[in-house]
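Trainee: The structure file data.cif (mmCIF, C-alpha atoms) is provided below.
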data_protein
loop_
_atom_site.label_atom_id
_atom_site.label_comp_id
_atom_site.auth_asym_id
_atom_site.auth_seq_id
_atom_site.Cartn_x
_atom_site.Cartn_y
_atom_site.Cartn_z
CA MET X 56 16.17 -9.33 18.04
CA GLN X 57 13.89 -6.82 19.73
CA LEU X 58 10.15 -7.01 19.07
CA ASP X 59 9.92 -3.36 17.99
CA LEU X 60 12.62 -3.96 15.36
CA VAL X 61 10.71 -6.97 14.01
CA LEU X 62 7.46 -4.96 13.84
CA ALA X 63 9.26 -2.09 12.12
CA GLU X 64 10.36 -4.49 9.39
CA PHE X 65 6.80 -5.80 8.95
CA CYS X 66 4.53 -2.77 9.38
CA TYR X 67 4.97 0.73 7.96
CA GLY X 68 2.96 3.93 8.21
CA PRO X 69 0.99 5.99 8.63
CA SER X 70 3.56 8.81 8.29
CA ALA X 71 5.03 9.84 4.92
CA ARG X 72 8.47 9.17 6.41
CA GLU X 73 7.54 5.54 7.17
CA LEU X 74 6.09 5.04 3.68
CA THR X 75 9.25 6.50 2.15
CA ARG X 76 11.32 4.10 4.25
CA LEU X 77 9.32 1.16 2.84
CA ARG X 78 9.74 2.41 -0.73
CA GLU X 79 13.50 2.67 -0.21
CA ARG X 80 13.59 -0.82 1.31
CA ILE X 81 11.68 -2.34 -1.62
CA ALA X 82 13.86 -0.51 -4.15
CA GLY X 83 16.89 -2.18 -2.53
CA ALA X 84 15.52 -5.72 -2.26
CA GLN X 85 12.04 -7.23 -2.06
CA PRO X 86 11.27 -8.51 1.46
CA ARG X 87 10.91 -12.28 1.76
CA HIS X 88 7.64 -11.93 3.66
CA PRO X 89 4.40 -9.94 3.28
CA VAL X 90 4.55 -6.35 4.50
CA ALA X 91 1.76 -4.39 6.22
CA VAL X 92 1.01 -0.74 5.56
CA TYR X 93 -1.21 1.18 7.96
CA THR X 94 -2.51 4.40 6.45
CA ARG X 95 -5.59 6.51 5.74
CA VAL X 96 -7.61 6.70 2.52
CA ALA X 97 -7.02 10.15 0.97
CA ALA X 98 -9.14 9.69 -2.17
CA ILE X 99 -11.13 7.09 -4.08
CA GLU X 100 -10.13 7.42 -7.71
CA ARG X 101 -10.89 5.19 -10.71
CA ASP X 102 -8.51 2.99 -12.69
CA ARG X 103 -8.63 2.55 -16.47
CA GLN X 104 -11.40 -0.05 -16.15
CA GLN X 105 -13.39 2.37 -13.92
CA GLY X 106 -12.83 0.17 -10.85
CA PRO X 107 -11.99 1.71 -7.46
CA ALA X 108 -8.34 2.68 -7.00
CA PRO X 109 -7.99 4.10 -3.49
CA ARG X 110 -5.12 6.52 -2.97
CA PHE X 111 -3.68 6.66 0.49
CA ALA X 112 -1.65 9.32 2.27
CA ASP X 113 1.18 10.13 -0.14
CA GLY X 114 4.89 9.79 0.39
CA ALA X 115 7.24 12.64 -0.41
CA ASP X 116 7.23 12.20 -4.20
CA PHE X 117 5.04 9.14 -4.80
CA SER X 118 1.50 7.88 -4.25
CA VAL X 119 0.45 4.83 -2.24
CA ARG X 120 -2.30 2.62 -3.69
CA VAL X 121 -3.96 -0.73 -3.31
CA ARG X 122 -5.27 -2.18 -6.53
CA SER X 123 -7.26 -5.33 -7.17
CA ASN X 124 -8.77 -7.39 -9.96
CA HIS X 125 -11.69 -7.84 -7.54
CA PRO X 126 -13.41 -4.45 -7.14
CA SER X 127 -15.58 -5.83 -4.32
CA LEU X 128 -12.48 -5.92 -2.08
CA LEU X 129 -11.97 -2.15 -2.49
CA ALA X 130 -15.60 -1.00 -2.73
CA PRO X 131 -16.16 -0.71 1.06
CA LEU X 132 -13.31 1.81 1.47
CA SER X 133 -14.18 5.47 1.99
CA VAL X 134 -12.16 8.65 2.27
CA GLY X 135 -10.87 8.99 5.82
CA ASP X 136 -10.90 5.26 6.62
CA PHE X 137 -7.79 3.81 8.21
CA VAL X 138 -6.63 0.68 6.40
CA LEU X 139 -4.17 -2.07 7.19
CA ALA X 140 -3.06 -3.60 3.88
CA VAL X 141 -0.92 -6.75 3.98
CA GLY X 142 0.84 -8.25 1.00
CA THR X 143 3.62 -7.86 -1.51
CA TRP X 144 4.34 -4.21 -2.25
CA LYS X 145 6.18 -2.92 -5.29
CA VAL X 146 7.30 0.38 -6.73
CA TRP X 147 5.65 1.13 -10.09
CA VAL X 148 6.79 3.98 -12.29
CA PRO X 149 4.21 4.91 -14.96
CA SER X 150 5.19 6.51 -18.26
CA SER X 151 3.59 9.72 -16.99
CA GLY X 152 2.50 10.85 -13.55
CA ARG X 153 3.78 10.05 -10.09
CA PRO X 154 5.46 6.78 -9.15
CA GLU X 155 3.37 4.51 -6.93
CA LEU X 156 4.05 2.24 -4.02
CA GLN X 157 1.37 -0.35 -4.69
CA MET X 158 -0.04 -3.67 -3.65
CA PHE X 159 -2.52 -5.91 -5.48
CA ALA X 160 -5.14 -7.34 -3.11
CA GLU X 161 -6.36 -10.77 -4.14
CA GLU X 162 -7.93 -12.00 -0.87
CA HIS X 163 -10.25 -10.38 1.68
CA TRP X 164 -7.79 -10.95 4.55
CA GLN X 165 -5.28 -8.58 2.93
CA LEU X 166 -7.36 -5.50 3.87
CA ALA X 167 -8.65 -4.49 7.28
CA HIS X 168 -10.54 -1.22 7.71
#
Could you render the structure as structure tokens?
Mentor:
Amino acid sequence: MQLDLVLAEFCYGPSARELTRLRERIAGAQPRHPVAVYTRVAAIERDRQQGPAPRFADGADFSVRVRSNHPSLLAPLSVGDFVLAVGTWKVWVPSSGRPELQMFAEEHWQLAH
């Protein structure tokens, strides 16, 4: 297997096309390993508990977010920062609003910026 093919299966982004490819992959079957997304912070919004909920460069018809039960992991992020987020990604469809490609960060090593 070629190295570029292996990296393509592990790391996605920063283009909307790459993020859409990851969403389609996850919708088909969850990868058996963590996946990395490299993208830029587009906005710092707030979740229902008023914690930081960074929104990254959007896909075609969905948003990309990292969420966490540990706000200190997300607090250092600013609009314009490039982020490498590694973990288990899922597609979440809320009752209203845009679907999200999202990851929950639980450890500091999951985010590099």
Trainee: How close does range 81-157 of chain X get to range 62-77 of chain X? List, as JSON lines, each residue of range 81-157 of chain X within 7 Å, its nearest atom pair and the distance in Å to one decimal, counting all atoms listed in the file.
Mentor:
{"residue": "X:Ile81", "atom": "CA", "partner": "X:Leu77", "partner_atom": "CA", "distance": 6.1}
{"residue": "X:Val90", "atom": "CA", "partner": "X:Phe65", "partner_atom": "CA", "distance": 5.0}
{"residue": "X:Ala91", "atom": "CA", "partner": "X:Cys66", "partner_atom": "CA", "distance": 4.5}
{"residue": "X:Val92", "atom": "CA", "partner": "X:Tyr67", "partner_atom": "CA", "distance": 4.9}
{"residue": "X:Tyr93", "atom": "CA", "partner": "X:Gly68", "partner_atom": "CA", "distance": 5.0}
{"residue": "X:Thr94", "atom": "CA", "partner": "X:Pro69", "partner_atom": "CA", "distance": 4.4}
{"residue": "X:Asp113", "atom": "CA", "partner": "X:Ala71", "partner_atom": "CA", "distance": 6.4}
{"residue": "X:Gly114", "atom": "CA", "partner": "X:Ala71", "partner_atom": "CA", "distance": 4.5}
{"residue": "X:Ala115", "atom": "CA", "partner": "X:Ala71", "partner_atom": "CA", "distance": 6.4}
Trainee: Extract, using all atoms listed in the file, all DNA, RNA and protein residues at most 10 Å from Gly106 in chain X, discarding same-chain residues fewer than 6 positions from it, and format them as a PyMOL selection string.
Mentor: chain X and resi 99-100+122-127+129-130
Trainee: What gap, in Å, lies between CA of Ala82 in chain X and CA of Val134 in chain X?
Mentor: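 According to the coordinates, CA of Ala82 in chain X and CA of Val134 in chain X are separated by 28.3 Å.
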Trainee: Can you tell me, as a list of chain:residue names, what residues are no more than 12 Å from Ala97 in chain X when counting all atoms listed in the file, ignoring any on the same chain fewer than 3 positions away?
Mentor: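 The residues satisfying every condition are X:Pro69, X:Thr94, X:Glu100, X:Ala108, X:Pro109, X:Arg110, X:Phe111, X:Ala112, X:Asp113, X:Gly114, X:Ser118, X:Val119, X:Arg120, X:Leu132, X:Ser133, X:Val134, X:Gly135, X:Asp136, X:Phe137, X:Val138.
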Trainee: Which residue out of X:Pro149, X:Val121, X:His88, X:Pro131 has the minimum interatomic distance to Glu161 in chain X when all atoms listed in the file are used?
Mentor: X:Val121
Trainee: Do you have the CA of Asp116 in chain X-CA of His168 in chain X distance handy?
Mentor: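 That distance, rounded to one decimal, is 25.3 Å.
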Trainee: Given the choices X:Leu128, X:Phe117, X:Gly83, X:Ala140, which gets closest to Glu155 in chain X if the distance is worked out from all atoms listed in the file?
Mentor: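 Smallest separation from Glu155 in chain X among the options: X:Phe117.
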